[in-house]
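Quick notes on the structure that follows.
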Amino acid sequence: MPQQRIVLKNCDVIDPERIESCLENGGFQALAKARGEMTPEQITDEIKASGLRGRGGAGFPCGIKWEGARTAPGDEKYVICNADEGEVGTFKDRYILEKDPYTLIEGILIAGRAIGAKQGYIYLRAEYHFLLQHLQNAVAQAREKGFLDGFNLEIREGAGAYICGEESALMDSIEGKRGEARYRPPFPTTSGLWGKPTIINNVETLMNIPQIVLNGADWFSQMGTERSKGTKVFSVCGDVEKPGVYEMVLGSPLRELVEELAMAKGVKLVQIGGATGRLLPCAQIDTPLAFEAVLGAGAVTVYNESRDVIDIVHRTMEFLAEESCGKCTPCRQGTEVMAEVLGKFHRGEGSLKELRNLEDLSSAMMLSSLCGLGQAAPNSVMDSLQHFRAEYESRVAK
Ligand SMILES: Cc1cc2nc3c(=O)[nH]c(=O)nc-3n(C[C@H](O)[C@H](O)[C@H](O)COP(=O)(O)O)c2cc1C
């Protein structure tokens, strides 16, 4: 039952300050195998066959991304580890970075071998500055042991912008520009950092790589559902007795995570995937946690019966309006208007016409925004209108 620790297998087991402690637990064996026994194509094929999908929110198949960068023309390629972890309610990457930086470095080095990159970056969110020295120490130890072997790994710090977790804005930020979403195509696999083929993966995605290389794609793909293989690490917070980081096989019911592991009682709704994520009413608490149902980056915020859903959605929208990069109109204007209208409902000053406007605006933003922020910003509005419409109607001005 509930937890299965694969990604987190070394966490609270090894000493994260000493690479020897990781080596005693089998660390860097996968790198040796990837370098000594496998061609870049074999590594990519293994990751493809495993069915591993990105853990940063969008769930893109990892092996396909790697293949795109591996076969892209050019000698200069880059690997980026996305450690921005800006999603509201997420703290699983922080846990991994603190407890097992070595497996992450191993995953980055295998990625480098797979696509033919000699340079990698860990993009660390500004608020995780306290982890900078810790990570630098881990990279220095890996270098000292000879694991970097012609690969240069640098850590770049963000400056506190939510949008810089979005992959194209993140690359702008590394390039020293103001972080804004880029138009696509071209995609990063052919034209990413400084216009060169680049793969960008979430911390948790890269943590899975050494395990897959060592144990094989079949081992990995036996876990999970048809379209969601392996495990997922969740950050659970809100109205629960045991907030924390939990790892479960994909497809596990939300109820097990929220009620059995985190010990929530009297649940009214659960926000899954943070500010751009989905709102599930208690009636849907048996929903499987999988890409085909609901997942995101694994942020799970629980709200009990005492919470006001319109307050939650309003605050979520205020955050997104504040964090929109402003490059595209639907997102820049849409989030502002939504925050304003939701504020009216919150104060009991809404109208039925504005309810319909919220729906129309939601579809326009989803269809026409440049990146995931604007496209997914209306999720909580749409979900709350579907499941808690009566609460909106009760706030219509008399
Ligand atoms: C507004 C926004 C913020 C994002 N923030 C993060 C983040 O903090 N960490 C992350 O890994 N991915 C984040 N993403 C997703 C990335 O754009 C990208 O899909 C991910 O880094 C790819 O890695 P993966 O395939 O391993 O998930 C964000 C996306 C959007 C639209």
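Every chain in the structure tokens has a letter given in the order shown (A, B, ...), and although residue numbers restart at 1 in each chain, ligands are simply numbered from 1 in the order shown.
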Residues near segment 320-329 of chain A, cut-off 10 Å, only C-alpha atoms, skip fewer than 2 positions along chain, as a VMD selection string:
chain A and resid 160 to 164 169 178 to 182 275 to 276 314 to 318 331 to 340 365 368 to 371 373 to 374 377 to 378
Sort by chain and increasing residue number a table of all residues of chain A within 7 Å of ligand 1, each with its closest pair of atoms and their distance in Å to one decimal, counting only C-alpha atoms and all ligand atoms, and write it as a Markdown table.
| residue | atom | partner | partner_atom_place_in_ligand_line | distance |
| --- | --- | --- | --- | --- |
| A:Arg53 | CA | ligand 1 | 25 (O) | 6.5 |
| A:Gly54 | CA | ligand 1 | 27 (O) | 3.3 |
| A:Arg55 | CA | ligand 1 | 27 (O) | 4.1 |
| A:Gly56 | CA | ligand 1 | 27 (O) | 3.3 |
| A:Gly57 | CA | ligand 1 | 15 (C) | 5.4 |
| A:Ala58 | CA | ligand 1 | 19 (O) | 5.0 |
| A:Gly59 | CA | ligand 1 | 27 (O) | 5.7 |
| A:Phe60 | CA | ligand 1 | 25 (O) | 5.1 |
| A:Pro61 | CA | ligand 1 | 25 (O) | 6.9 |
| A:Cys62 | CA | ligand 1 | 25 (O) | 6.0 |
| A:Asn82 | CA | ligand 1 | 11 (O) | 4.7 |
| A:Ala83 | CA | ligand 1 | 9 (N) | 5.8 |
| A:Asp84 | CA | ligand 1 | 8 (O) | 4.1 |
| A:Glu85 | CA | ligand 1 | 8 (O) | 3.3 |
| A:Gly86 | CA | ligand 1 | 8 (O) | 4.2 |
| A:Glu87 | CA | ligand 1 | 8 (O) | 5.6 |
| A:Tyr162 | CA | ligand 1 | 3 (C) | 5.9 |
| A:Ile163 | CA | ligand 1 | 1 (C) | 4.6 |
| A:Cys164 | CA | ligand 1 | 3 (C) | 6.6 |
| A:Gly165 | CA | ligand 1 | 5 (N) | 3.3 |
| A:Glu166 | CA | ligand 1 | 17 (O) | 3.5 |
| A:Glu167 | CA | ligand 1 | 17 (O) | 3.9 |
| A:Ser168 | CA | ligand 1 | 17 (O) | 6.9 |
| A:Ile200 | CA | ligand 1 | 23 (O) | 5.4 |
| A:Asn201 | CA | ligand 1 | 26 (O) | 3.3 |
| A:Asn202 | CA | ligand 1 | 11 (O) | 3.7 |
| A:Val203 | CA | ligand 1 | 11 (O) | 6.5 |
| A:Thr205 | CA | ligand 1 | 26 (O) | 4.8 |
| A:Cys371 | CA | ligand 1 | 31 (C) | 5.6 |
| A:Gly372 | CA | ligand 1 | 31 (C) | 3.5 |
| A:Leu373 | CA | ligand 1 | 1 (C) | 4.2 |
Please run DSSP on the backbone and report, as a VMD selection string, all residues within segment 176-369 of chain A that come out as alpha helix (DSSP H).
chain A and resid 203 to 215 217 to 221 254 to 255 309 to 323 329 to 346 352 to 368
Counting only C-alpha atoms, the option among A:Tyr128, A:Tyr95, A:Arg184, A:Lys177 closest to Gly244 of chain A
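Of all the options, A:Tyr95 lies closest to Gly244 of chain A.
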Closest of A:Leu124, A:Met38, A:Leu132, A:Val236 to Ala297 of chain A - atom-to-atom distances counting only C-alpha atoms
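Once distances to Ala297 of chain A are computed over only C-alpha atoms, the minimum belongs to A:Val236.
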Pick from A:Leu279, A:Val270, A:Ile285, A:Leu250: nearest to Gln4 of chain A, with only C-alpha atoms counted?
A:Leu250
So that I can see what lies close to Ser50 of chain A, please list as a short mmCIF file (atom, residue, chain, number, x, y, z; two decimals) with C-alpha atoms, in the first residue's frame the residues with an atom at most 7 Å from it, counting only C-alpha atoms and leaving out residues fewer than 3 positions away in the same chain.
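Output (part28.cif):
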data_model
loop_
_atom_site.label_atom_id
_atom_site.label_comp_id
_atom_site.auth_asym_id
_atom_site.auth_seq_id
_atom_site.Cartn_x
_atom_site.Cartn_y
_atom_site.Cartn_z
CA GLU A 46 15.43 2.62 -23.13
CA ILE A 47 13.93 5.86 -21.81
CA ALA A 217 12.42 -0.14 -19.23
CA ASP A 218 10.33 -3.28 -18.52
CA PHE A 220 9.74 0.65 -14.88
CA SER A 221 6.79 0.26 -17.20
#
List the neighbours of Ala32 of chain A out to 10 Å using only C-alpha atoms; skip same-chain residues closer than 5 positions along the sequence, and give me the result as a list in words.
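Near neighbours after the sequence-gap exclusion: Gly27, Glu37, Met38, Glu106, Ile110, Phe147 and Leu214 of chain A.
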For Ala69 of chain A, find every residue with an atom within 8 Å (counting only C-alpha atoms), except residues of its own chain fewer than 5 positions away, and show them as a ChimeraX atom specification.
/A:77,115,189-190,197-199
Using DSSP on the backbone coordinates, identify the residues of segment 149-334 of chain A assigned to strand (DSSP E or B); present them as number ranges by chain.
A: 152-157, 198-202, 224, 229, 231-238, 244-249, 253, 267-272, 278-281, 288-290, 294, 299-304
Distance query segment 10-14 of chain A at most 8 Å, only C-alpha atoms, self and fewer than 4 positions along chain excluded, as a PyMOL selection string
chain A and resi 21-22+25+96+99-100
Selected residue, from A:Ala140, A:Ile155, A:Ala49, A:Leu148, that lies nearest to Ile122 of chain A when counting only C-alpha atoms
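Selected residue with least distance to Ile122 of chain A: A:Ile155.
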List the spatial neighbours of Pro243 of chain A as a ChimeraX atom specification - criterion: any atom at most 12 Å away, only C-alpha atoms, same-chain residues fewer than 4 positions off excluded.
/A:89-92,234-239,257-264,299-302
